[in-house]
$ cat my_file_24.txt   # compact mmCIF, C-alpha atoms
# COMPACT_ATOMS: atom_id res chain seq x y z
CA MET A 1340 -3.16 -23.20 -46.33
CA THR A 1341 -6.15 -23.17 -43.98
CA GLU A 1342 -9.74 -22.63 -44.98
CA GLN A 1343 -9.61 -19.20 -43.31
CA GLN A 1344 -6.65 -18.17 -45.45
CA ASN A 1345 -8.38 -19.39 -48.60
CA GLN A 1346 -11.45 -17.32 -47.76
CA HIS A 1347 -9.67 -14.05 -47.08
CA PRO A 1348 -9.63 -11.70 -50.11
CA PHE A 1349 -5.89 -11.05 -49.90
CA ALA A 1350 -5.27 -14.76 -50.49
CA ALA A 1351 -5.90 -13.99 -54.19
CA LEU A 1352 -2.76 -11.84 -54.33
CA THR A 1353 -0.45 -14.51 -55.70
CA PRO A 1354 2.74 -13.49 -57.55
CA GLY A 1355 1.02 -14.28 -60.83
CA PHE A 1356 -2.00 -12.11 -60.00
CA ILE A 1357 0.22 -9.24 -58.87
CA MET A 1358 2.26 -9.30 -62.07
CA ASP A 1359 -0.88 -9.56 -64.22
CA ALA A 1360 -2.30 -6.50 -62.45
CA VAL A 1361 0.87 -4.48 -63.02
CA GLU A 1362 1.09 -5.59 -66.65
CA SER A 1363 -2.52 -4.47 -67.17
CA CYS A 1364 -1.10 -0.95 -66.79
CA GLY A 1365 1.29 -1.45 -69.70
CA TYR A 1366 4.43 -2.67 -67.93
CA ILE A 1367 6.31 -5.92 -68.55
CA CYS A 1368 7.28 -7.65 -65.32
CA ASP A 1369 10.52 -9.55 -64.90
CA CYS A 1370 9.00 -12.12 -62.50
CA ARG A 1371 10.49 -10.55 -59.36
CA THR A 1372 7.98 -9.73 -56.63
CA PHE A 1373 8.80 -8.94 -53.02
CA ALA A 1374 6.26 -8.34 -50.25
CA LEU A 1375 6.89 -5.21 -48.16
CA ASN A 1376 5.78 -4.61 -44.59
CA SER A 1377 2.14 -3.56 -44.75
CA TYR A 1378 -0.86 -4.93 -42.89
CA GLU A 1379 -3.83 -2.68 -43.64
CA ASN A 1380 -3.20 -2.99 -47.37
CA ARG A 1381 -0.79 -5.21 -49.28
CA VAL A 1382 2.29 -3.64 -50.82
CA TYR A 1383 4.82 -5.29 -53.14
CA GLN A 1384 8.00 -4.35 -54.93
CA VAL A 1385 7.61 -5.57 -58.49
CA GLY A 1386 10.48 -5.80 -60.95
CA VAL A 1387 9.82 -4.53 -64.47
CA GLU A 1388 11.88 -4.87 -67.61
CA ALA A 1389 13.85 -1.86 -68.80
CA GLY A 1390 13.26 0.16 -65.68
CA ALA A 1391 13.48 0.47 -61.91
CA PRO A 1392 11.17 -1.71 -59.81
CA LEU A 1393 7.71 -0.36 -59.00
CA ILE A 1394 5.80 -0.41 -55.74
CA ALA A 1395 2.30 -1.85 -56.13
CA LYS A 1396 -0.21 -1.07 -53.39
CA PHE A 1397 -3.39 -3.17 -53.29
CA TYR A 1398 -6.08 -1.55 -51.18
CA ARG A 1399 -7.98 -3.52 -48.56
CA PRO A 1400 -11.42 -4.23 -50.06
CA GLY A 1401 -14.24 -2.25 -48.51
CA ARG A 1402 -12.16 0.21 -46.50
CA TRP A 1403 -12.16 3.30 -48.71
CA SER A 1404 -14.40 4.39 -51.56
CA ASP A 1405 -12.86 5.27 -54.92
CA GLU A 1406 -13.56 8.94 -54.16
CA GLN A 1407 -11.67 8.74 -50.86
CA ILE A 1408 -8.68 7.04 -52.46
CA LEU A 1409 -8.55 9.52 -55.31
CA GLU A 1410 -8.74 12.41 -52.85
CA GLU A 1411 -5.72 10.93 -51.05
CA HIS A 1412 -3.91 10.76 -54.40
CA GLN A 1413 -4.88 14.32 -55.26
CA PHE A 1414 -3.50 15.58 -51.97
CA SER A 1415 -0.17 13.89 -52.75
CA PHE A 1416 -0.12 15.35 -56.26
CA GLU A 1417 -0.84 18.82 -54.92
CA LEU A 1418 2.03 18.58 -52.44
CA ALA A 1419 4.39 17.21 -55.10
CA GLU A 1420 3.48 20.06 -57.46
CA HIS A 1421 4.72 22.43 -54.76
CA GLU A 1422 7.99 20.47 -54.60
CA LEU A 1423 7.25 18.82 -51.28
CA PRO A 1424 9.22 15.56 -50.80
CA VAL A 1425 6.27 13.16 -50.97
CA VAL A 1426 6.06 9.87 -52.82
CA ALA A 1427 2.98 10.30 -54.99
CA PRO A 1428 1.35 7.58 -57.11
CA LEU A 1429 2.16 7.23 -60.79
CA VAL A 1430 -0.38 8.25 -63.41
CA ASN A 1431 -0.92 6.64 -66.80
CA ASP A 1432 -1.32 8.35 -70.17
CA ARG A 1433 -5.03 8.85 -69.38
CA ASN A 1434 -4.11 10.71 -66.17
CA ARG A 1435 -5.40 7.89 -63.95
CA SER A 1436 -3.74 6.85 -60.71
CA LEU A 1437 -6.24 4.29 -59.37
CA PHE A 1438 -6.50 1.02 -61.24
CA HIS A 1439 -8.80 -1.99 -61.02
CA TYR A 1440 -7.88 -5.60 -61.58
CA GLY A 1441 -10.10 -8.49 -60.60
CA ALA A 1442 -11.72 -7.62 -57.28
CA PHE A 1443 -8.94 -5.23 -56.28
CA ARG A 1444 -8.11 -1.58 -56.61
CA PHE A 1445 -4.43 -0.71 -56.70
CA ALA A 1446 -1.95 2.08 -57.30
CA LEU A 1447 1.64 2.11 -58.51
CA TYR A 1448 4.45 4.16 -56.98
CA PRO A 1449 8.09 4.80 -57.82
CA ARG A 1450 10.49 3.02 -55.49
CA GLN A 1451 11.91 5.44 -52.94
CA GLY A 1452 15.12 4.66 -51.13
CA GLY A 1453 15.95 5.96 -47.68
CA HIS A 1454 16.21 5.04 -44.04
CA ALA A 1455 14.19 5.70 -40.91
CA PRO A 1456 14.60 9.24 -39.56
CA GLU A 1457 16.50 9.84 -36.35
CA PHE A 1458 14.12 11.96 -34.32
CA ASP A 1459 16.67 12.08 -31.49
CA ASP A 1460 18.69 14.39 -33.73
CA LEU A 1461 17.37 17.90 -33.09
CA ASP A 1462 18.68 19.12 -36.45
CA ASN A 1463 16.50 16.52 -38.15
CA LEU A 1464 13.49 17.77 -36.19
CA LEU A 1465 14.16 21.30 -37.41
CA ILE A 1466 14.04 20.01 -40.99
CA MET A 1467 10.90 18.01 -40.23
CA GLY A 1468 9.27 21.12 -38.83
CA ARG A 1469 10.05 23.09 -41.98
CA THR A 1470 8.72 20.33 -44.21
CA ILE A 1471 5.49 19.84 -42.27
CA GLY A 1472 5.01 23.60 -42.09
CA ARG A 1473 5.20 23.75 -45.89
CA MET A 1474 2.82 20.81 -46.12
CA HIS A 1475 0.27 22.41 -43.82
CA ALA A 1476 0.44 25.77 -45.60
CA ILE A 1477 -0.75 23.97 -48.73
CA ALA A 1478 -3.14 21.64 -46.88
CA ALA A 1479 -4.98 24.56 -45.29
CA THR A 1480 -5.90 26.13 -48.64
CA ARG A 1481 -8.82 23.76 -49.24
CA PRO A 1482 -10.70 21.04 -47.34
CA PHE A 1483 -11.14 17.34 -47.91
CA THR A 1484 -14.56 16.49 -49.31
CA HIS A 1485 -14.56 12.70 -49.00
CA ARG A 1486 -11.84 11.79 -46.49
CA PRO A 1487 -13.02 11.31 -42.89
CA ARG A 1488 -12.49 13.52 -39.87
CA LEU A 1489 -10.46 12.46 -36.86
CA ASP A 1490 -13.00 12.47 -34.02
CA SER A 1491 -13.82 10.85 -30.71
CA ALA A 1492 -16.88 9.05 -32.07
CA SER A 1493 -15.03 6.88 -34.60
CA PHE A 1494 -11.60 6.61 -32.98
CA GLY A 1495 -12.77 6.46 -29.38
CA HIS A 1496 -16.36 5.43 -28.69
CA ALA A 1497 -16.71 2.96 -31.57
CA SER A 1498 -13.36 1.38 -30.70
CA VAL A 1499 -14.26 0.94 -27.03
CA ALA A 1500 -17.67 -0.52 -27.87
CA LEU A 1501 -16.10 -3.16 -30.12
CA ILE A 1502 -13.48 -4.23 -27.56
CA SER A 1503 -15.91 -4.23 -24.63
CA GLU A 1504 -18.58 -6.23 -26.42
CA ARG A 1505 -16.49 -8.77 -28.32
CA PHE A 1506 -12.90 -9.01 -27.09
CA MET A 1507 -12.36 -7.97 -23.49
CA ILE A 1508 -11.72 -10.95 -21.20
CA PRO A 1509 -13.97 -11.35 -18.11
CA GLU A 1510 -11.29 -10.68 -15.50
CA TYR A 1511 -10.64 -7.20 -16.90
CA GLN A 1512 -14.14 -6.31 -18.12
CA ALA A 1513 -15.18 -4.14 -15.16
CA ASN A 1514 -11.84 -2.31 -15.08
CA TYR A 1515 -11.88 -1.71 -18.82
CA ASP A 1516 -15.43 -0.38 -18.88
CA ALA A 1517 -14.80 1.98 -15.96
CA LEU A 1518 -11.48 3.23 -17.29
CA THR A 1519 -12.70 3.82 -20.82
CA ARG A 1520 -15.82 5.58 -19.56
CA ASP A 1521 -13.66 8.05 -17.61
CA LEU A 1522 -11.11 8.35 -20.42
CA LEU A 1523 -13.71 9.05 -23.11
CA GLN A 1524 -15.44 11.60 -20.87
CA ALA A 1525 -12.15 13.43 -20.36
CA ILE A 1526 -11.38 13.33 -24.09
CA ASP A 1527 -14.84 14.56 -25.05
CA GLU A 1528 -14.68 17.44 -22.58
CA LEU A 1529 -11.25 18.46 -23.83
CA LEU A 1530 -12.28 18.33 -27.48
CA ALA A 1531 -15.47 20.25 -26.74
CA GLY A 1532 -13.36 22.95 -25.11
CA ALA A 1533 -11.20 23.09 -28.23
CA ALA A 1534 -14.07 23.18 -30.72
CA ASP A 1535 -12.68 26.38 -32.23
CA THR A 1536 -9.44 24.62 -33.28
CA PRO A 1537 -8.98 24.91 -37.07
CA MET A 1538 -9.13 21.57 -38.88
CA ILE A 1539 -7.01 21.03 -41.99
CA ARG A 1540 -5.98 18.26 -44.32
CA THR A 1541 -3.26 16.18 -42.65
CA HIS A 1542 -1.06 13.18 -43.39
CA GLY A 1543 -2.79 11.68 -40.37
CA ASP A 1544 -0.23 8.99 -39.54
CA CYS A 1545 3.02 10.92 -39.42
CA HIS A 1546 5.29 8.56 -37.50
CA ALA A 1547 8.84 7.45 -38.24
CA GLY A 1548 7.66 4.42 -40.24
CA ASN A 1549 6.04 6.69 -42.83
CA VAL A 1550 9.09 8.89 -43.35
CA LEU A 1551 12.13 7.90 -45.41
CA TRP A 1552 15.25 9.98 -44.83
CA ARG A 1553 17.38 10.46 -47.91
CA GLY A 1554 20.20 12.92 -48.26
CA GLU A 1555 19.31 15.78 -45.96
CA ALA A 1556 15.54 15.59 -46.33
CA PRO A 1557 12.55 13.51 -45.22
CA HIS A 1558 10.33 11.89 -47.83
CA PHE A 1559 6.74 11.26 -46.77
CA VAL A 1560 5.08 8.03 -47.85
CA ASP A 1561 1.73 6.31 -47.28
CA PHE A 1562 -1.02 8.92 -47.11
CA ASP A 1563 -3.55 6.12 -46.63
CA ASP A 1564 -4.71 7.59 -43.31
CA ALA A 1565 -4.94 11.18 -44.56
CA ARG A 1566 -7.87 12.90 -42.90
CA THR A 1567 -9.18 16.18 -41.58
CA ALA A 1568 -7.63 16.89 -38.19
CA PRO A 1569 -5.92 19.57 -36.10
CA ALA A 1570 -2.45 20.42 -37.42
CA ILE A 1571 -0.85 19.03 -34.25
CA GLN A 1572 -1.84 15.53 -35.42
CA ASP A 1573 1.14 15.57 -37.79
CA ILE A 1574 3.53 16.72 -35.08
CA TRP A 1575 2.92 14.97 -31.77
CA MET A 1576 4.05 11.50 -32.90
CA MET A 1577 7.59 12.83 -33.35
CA LEU A 1578 7.86 13.62 -29.63
CA SER A 1579 9.24 11.10 -27.16
CA GLY A 1580 10.93 10.85 -23.78
CA ASP A 1581 10.23 12.82 -20.62
CA ARG A 1582 8.58 16.23 -20.54
CA GLY A 1583 11.86 18.14 -20.77
CA ARG A 1584 13.02 16.12 -23.75
CA GLN A 1585 9.70 16.53 -25.52
CA MET A 1586 9.76 20.29 -25.04
CA ALA A 1587 13.28 20.47 -26.49
CA GLN A 1588 12.14 18.42 -29.49
CA LEU A 1589 9.04 20.56 -29.88
CA ALA A 1590 11.09 23.75 -29.85
CA GLU A 1591 13.10 22.57 -32.87
CA ILE A 1592 10.02 21.46 -34.77
CA VAL A 1593 8.17 24.72 -34.10
CA GLU A 1594 11.17 26.85 -35.11
CA GLY A 1595 11.20 25.22 -38.53
CA TYR A 1596 7.41 25.01 -38.80
CA ASN A 1597 6.90 28.74 -38.20
CA GLU A 1598 9.05 29.58 -41.21
CA PHE A 1599 6.17 28.44 -43.45
CA TYR A 1600 3.00 28.14 -41.35
CA ASP A 1601 1.93 29.56 -38.01
CA PHE A 1602 2.09 27.06 -35.17
CA ARG A 1603 -0.84 27.36 -32.76
CA PRO A 1604 0.39 26.65 -29.20
CA ARG A 1605 -3.20 26.15 -28.02
CA GLU A 1606 -3.28 22.89 -29.98
CA LEU A 1607 -0.76 21.40 -27.54
CA ARG A 1608 -3.62 20.79 -25.10
CA LEU A 1609 -4.89 18.20 -27.61
CA VAL A 1610 -1.77 16.03 -27.65
CA GLU A 1611 -2.72 13.57 -24.90
CA ALA A 1612 -6.30 13.36 -26.14
CA LEU A 1613 -5.04 12.49 -29.63
CA ARG A 1614 -2.59 9.98 -28.15
CA SER A 1615 -5.42 8.36 -26.18
CA LEU A 1616 -7.60 8.10 -29.26
CA ARG A 1617 -4.74 6.52 -31.19
CA ILE A 1618 -4.25 3.90 -28.45
CA LEU A 1619 -7.95 3.02 -28.43
CA HIS A 1620 -8.17 2.96 -32.22
CA TYR A 1621 -5.05 0.82 -32.62
CA CYS A 1622 -6.43 -1.82 -30.27
CA ALA A 1623 -9.73 -1.88 -32.16
CA TRP A 1624 -7.89 -1.97 -35.49
CA LEU A 1625 -6.17 -5.20 -34.46
CA ALA A 1626 -9.51 -6.62 -33.36
CA ARG A 1627 -11.29 -5.66 -36.59
CA ARG A 1628 -8.55 -7.25 -38.69
CA TRP A 1629 -8.23 -10.47 -36.70
CA ASP A 1630 -9.85 -12.50 -39.49
CA ASP A 1631 -6.94 -11.52 -41.78
CA PRO A 1632 -4.39 -14.37 -41.39
CA ALA A 1633 -1.53 -11.85 -41.41
CA PHE A 1634 -2.65 -10.39 -38.09
CA PRO A 1635 -2.52 -13.47 -35.82
CA HIS A 1636 0.80 -14.28 -37.47
CA HIS A 1637 2.43 -10.87 -36.92
CA PHE A 1638 0.66 -9.84 -33.71
CA PRO A 1639 0.46 -13.12 -31.71
CA TRP A 1640 0.49 -11.21 -28.42
CA PHE A 1641 -2.86 -9.53 -29.13
CA ASN A 1642 -5.91 -10.77 -27.22
CA THR A 1643 -3.83 -12.51 -24.55
CA VAL A 1644 -4.22 -12.00 -20.80
CA ARG A 1645 -0.87 -10.21 -20.68
CA TYR A 1646 -1.84 -7.87 -23.51
CA TRP A 1647 -5.09 -6.84 -21.85
CA GLY A 1648 -3.33 -6.27 -18.54
CA GLU A 1649 -0.79 -3.98 -20.22
CA HIS A 1650 -3.57 -2.22 -22.14
CA ILE A 1651 -5.44 -1.49 -18.91
CA LEU A 1652 -2.25 -0.03 -17.42
CA GLN A 1653 -1.74 2.10 -20.53
CA LEU A 1654 -5.26 3.49 -20.23
CA ARG A 1655 -4.64 4.39 -16.58
CA GLU A 1656 -1.50 6.25 -17.60
CA GLN A 1657 -3.44 8.18 -20.23
CA ILE A 1658 -6.07 9.28 -17.73
CA ALA A 1659 -3.26 10.64 -15.57
CA ALA A 1660 -1.56 12.27 -18.59
CA LEU A 1661 -4.77 14.11 -19.48
CA GLN A 1662 -4.67 15.78 -16.07
CA GLU A 1663 -1.14 17.11 -16.56
CA PRO A 1664 -0.45 20.60 -17.95
CA PRO A 1665 0.08 20.56 -21.73
CA LEU A 1666 3.52 20.89 -23.25
CA GLU A 1667 4.86 24.39 -23.79
CA VAL A 1668 6.98 25.87 -26.55
CA LEU A 1669 10.34 26.90 -25.12
$ encode --input "my_file_24.txt" --output "structure tokens"
Amino acid sequence: MTEQQNQHPFAALTPGFIMDAVESCGYICDCRTFALNSYENRVYQVGVEAGAPLIAKFYRPGRWSDEQILEEHQFSFELAEHELPVVAPLVNDRNRSLFHYGAFRFALYPRQGGHAPEFDDLDNLLIMGRTIGRMHAIAATRPFTHRPRLDSASFGHASVALISERFMIPEYQANYDALTRDLLQAIDELLAGAADTPMIRTHGDCHAGNVLWRGEAPHFVDFDDARTAPAIQDIWMMLSGDRGRQMAQLAEIVEGYNEFYDFRPRELRLVEALRSLRILHYCAWLARRWDDPAFPHHFPWFNTVRYWGEHILQLREQIAALQEPPLEVL
């Protein structure tokens, strides 16, 4: 193990530490621990005696405050109370869901089986639309107090500043700075023109990797990125393919969504702006986490000449996409 690995906080998450943390909540572990795919936090399946395995999620130190984590938990509980298919954290006999052990905060979840959803299946998208419509009907009843807002300043401008100042290679520097200047200007103008768009509590990261399909229903997991955003934030990541295909997918989602919450077609003008912000933020996320040994290991292509060339091309495509007419509901 290198000195860098020894210094990183997550290096302390040995099997023994993980089991001690879980047992501090009153469980008896059976010595089986299995790391699950998670990079921002660390997530493990932990076997316990006389019961089904638990999922233990250890939060990245310094990312969220206790209040922000608990607000995420409360959102999950509220949805579960309304019989939404979400995987909410477990609570102990003192009604606590956030635990502390050593230098870490962690939560425990029931293990949820399922497989990745097939968004190419229009029937599945109809069901997704119904489920998200129910979720948003509840989410809109009250605001977040501590969770952040999805905005251009944090997702866009801060991300670009980090990459430009510390990561962009010299041969692409001028192109990157010019492209991002134009892209951010277009995003800011679009968002300013949509300032009257209602903002609600959202899952925030509603892609196929955070949905487990079981039986005939989706189960939503990982509300770690829950934040205040336009409702369309929980919809656009399910769309793929050419314009015609996306409009067909959107029609199914909206049909189901409108059964429980009113879809606002005007929010469709935000889709490419939100996609652009996600691209910029994802790049900066990799950069900010590069001192975590898991990131160079799992993302070896990041910060290479080829990566930056492809990133520049992607930004050009997004500038063009922002000039196109928004999607329409069929």
$ closest_residue --input "my_file_24.txt" --among "A:Gly1365, A:Gly1468, A:Arg1614, A:Ala1446" --to "Tyr1383 (chain A)" --atoms "all atoms listed in the file"
A:Ala1446
$ residues_near_point --input "my_file_24.txt" --point "(-15.2, -6.9, -26.4)" --cutoff "12 Å" --atoms "only C-alpha atoms" --output "ChimeraX atom specification"
/A:1497-1509,1511-1513,1515-1516,1622-1623,1626-1627,1642,1647
$ closest_residue --input "my_file_24.txt" --among "A:Gly1441, A:Gly1401, A:Gly1583, A:Pro1635" --to "Leu1352 (chain A)" --atoms "all atoms listed in the file"
A:Gly1441
$ closest_residue --input "my_file_24.txt" --among "A:Ala1442, A:Ala1419, A:Ala1633, A:Val1668" --to "Pro1348 (chain A)" --atoms "only C-alpha atoms"
A:Ala1442
$ atom_distance --input "my_file_24.txt" --atom1 "CA of Met1474 (chain A)" --atom2 "CA of Leu1423 (chain A)"
7.1 Å
$ closest_atom_pairs --input "my_file_24.txt" --of "region 1520-1574 of chain A" --to "region 1588-1611 of chain A" --cutoff "9 Å" --atoms "only C-alpha atoms" --output "CSV"
residue,atom,partner,partner_atom,distance
A:Ile1526,CA,A:Glu1611,CA,8.7
A:Leu1529,CA,A:Leu1609,CA,7.4
A:Leu1530,CA,A:Leu1609,CA,7.4
A:Ala1533,CA,A:Leu1609,CA,8.0
A:Thr1536,CA,A:Glu1606,CA,7.2
A:Pro1569,CA,A:Glu1606,CA,7.4
A:Ala1570,CA,A:Glu1606,CA,7.9
A:Ile1571,CA,A:Glu1606,CA,6.2
A:Gln1572,CA,A:Val1610,CA,7.8
A:Ile1574,CA,A:Ile1592,CA,8.0
$ atom_distance --input "my_file_24.txt" --atom1 "CA of Arg1444 (chain A)" --atom2 "CA of Met1576 (chain A)"
29.7 Å
$ axis_aligned_box --input "my_file_24.txt" --around "region 1662-1666 of chain A" --padding-each-side "5 Å" --output "lines of an AutoDock Vina configuration file"
center_x = -0.6
center_y = 18.3
center_z = -19.7
size_x = 18.2
size_y = 15.1
size_z = 17.2
$ residues_around --input "my_file_24.txt" --residues "Arg1402 (chain A)" --least-positions-apart "4" --cutoff "10 Å" --atoms "all atoms listed in the file" --output "MDAnalysis selection string"
chainID A and resid 1379:1380 1398 1407:1408
$ atom_distance --input "my_file_24.txt" --atom1 "CA of Glu1406 (chain A)" --atom2 "CA of Ala1374 (chain A)"
26.6 Å
$ closest_atom_pairs --input "my_file_24.txt" --of "region 1496-1576 of chain A" --to "region 1460-1467 of chain A" --cutoff "12 Å" --atoms "all atoms listed in the file" --output "CSV"
residue,atom,partner,partner_atom,distance
A:Cys1545,CA,A:Met1467,CA,10.6
A:His1546,CA,A:Met1467,CA,11.3
A:Ala1547,CA,A:Met1467,CA,10.9
A:Val1550,CA,A:Met1467,CA,9.8
A:Leu1551,CA,A:Met1467,CA,11.4
A:Trp1552,CA,A:Asn1463,CA,9.4
A:Arg1553,CA,A:Asn1463,CA,11.5
A:Gly1554,CA,A:Asn1463,CA,11.4
A:Glu1555,CA,A:Asn1463,CA,8.3
A:Ala1556,CA,A:Ile1466,CA,7.1
A:Pro1557,CA,A:Met1467,CA,6.9
A:His1558,CA,A:Met1467,CA,9.8
A:Phe1559,CA,A:Met1467,CA,10.3
A:Asp1573,CA,A:Met1467,CA,10.4
A:Ile1574,CA,A:Met1467,CA,9.1
A:Trp1575,CA,A:Leu1464,CA,11.8
A:Met1576,CA,A:Leu1464,CA,11.8
$ write_last_selection --input "my_file_24.txt" --atoms "C-alpha atoms" --output "JSON list (two decimals), in the coordinates of the input"
[["chain", "number", "residue", "atom", "x", "y", "z"],
["A", 1545, "CYS", "CA", 3.02, 10.92, -39.42],
["A", 1546, "HIS", "CA", 5.29, 8.56, -37.50],
["A", 1547, "ALA", "CA", 8.84, 7.45, -38.24],
["A", 1550, "VAL", "CA", 9.09, 8.89, -43.35],
["A", 1551, "LEU", "CA", 12.13, 7.90, -45.41],
["A", 1552, "TRP", "CA", 15.25, 9.98, -44.83],
["A", 1553, "ARG", "CA", 17.38, 10.46, -47.91],
["A", 1554, "GLY", "CA", 20.20, 12.92, -48.26],
["A", 1555, "GLU", "CA", 19.31, 15.78, -45.96],
["A", 1556, "ALA", "CA", 15.54, 15.59, -46.33],
["A", 1557, "PRO", "CA", 12.55, 13.51, -45.22],
["A", 1558, "HIS", "CA", 10.33, 11.89, -47.83],
["A", 1559, "PHE", "CA", 6.74, 11.26, -46.77],
["A", 1573, "ASP", "CA", 1.14, 15.57, -37.79],
["A", 1574, "ILE", "CA", 3.53, 16.72, -35.08],
["A", 1575, "TRP", "CA", 2.92, 14.97, -31.77],
["A", 1576, "MET", "CA", 4.05, 11.50, -32.90]]
$ closest_residue --input "my_file_24.txt" --among "A:Pro1487, A:Gly1472, A:Gly1355, A:Pro1392" --to "Leu1418 (chain A)" --atoms "all atoms listed in the file"
A:Gly1472
$ residues_near_point --input "my_file_24.txt" --point "(1.3, 9.6, -53.0)" --cutoff "9 Å" --atoms "all atoms listed in the file" --output "compact mmCIF listing (two decimals) with C-alpha atoms, keeping the file's coordinate frame"
# COMPACT_ATOMS: atom_id res chain seq x y z
CA GLU A 1411 -5.72 10.93 -51.05
CA HIS A 1412 -3.91 10.76 -54.40
CA GLN A 1413 -4.88 14.32 -55.26
CA PHE A 1414 -3.50 15.58 -51.97
CA SER A 1415 -0.17 13.89 -52.75
CA PHE A 1416 -0.12 15.35 -56.26
CA ALA A 1419 4.39 17.21 -55.10
CA VAL A 1425 6.27 13.16 -50.97
CA VAL A 1426 6.06 9.87 -52.82
CA ALA A 1427 2.98 10.30 -54.99
CA PRO A 1428 1.35 7.58 -57.11
CA LEU A 1429 2.16 7.23 -60.79
CA TYR A 1448 4.45 4.16 -56.98
CA PHE A 1559 6.74 11.26 -46.77
CA VAL A 1560 5.08 8.03 -47.85
CA ASP A 1561 1.73 6.31 -47.28
CA PHE A 1562 -1.02 8.92 -47.11
CA ASP A 1563 -3.55 6.12 -46.63
$ closest_residue --input "my_file_24.txt" --among "A:Thr1541, A:Ser1493, A:Asn1514, A:Gln1451" --to "Ala1478 (chain A)" --atoms "all atoms listed in the file"
A:Thr1541
$ residues_around --input "my_file_24.txt" --residues "Glu1410 (chain A)" --least-positions-apart "6" --cutoff "8 Å" --atoms "only C-alpha atoms" --output "PyMOL selection string"
chain A and resi 1483-1486
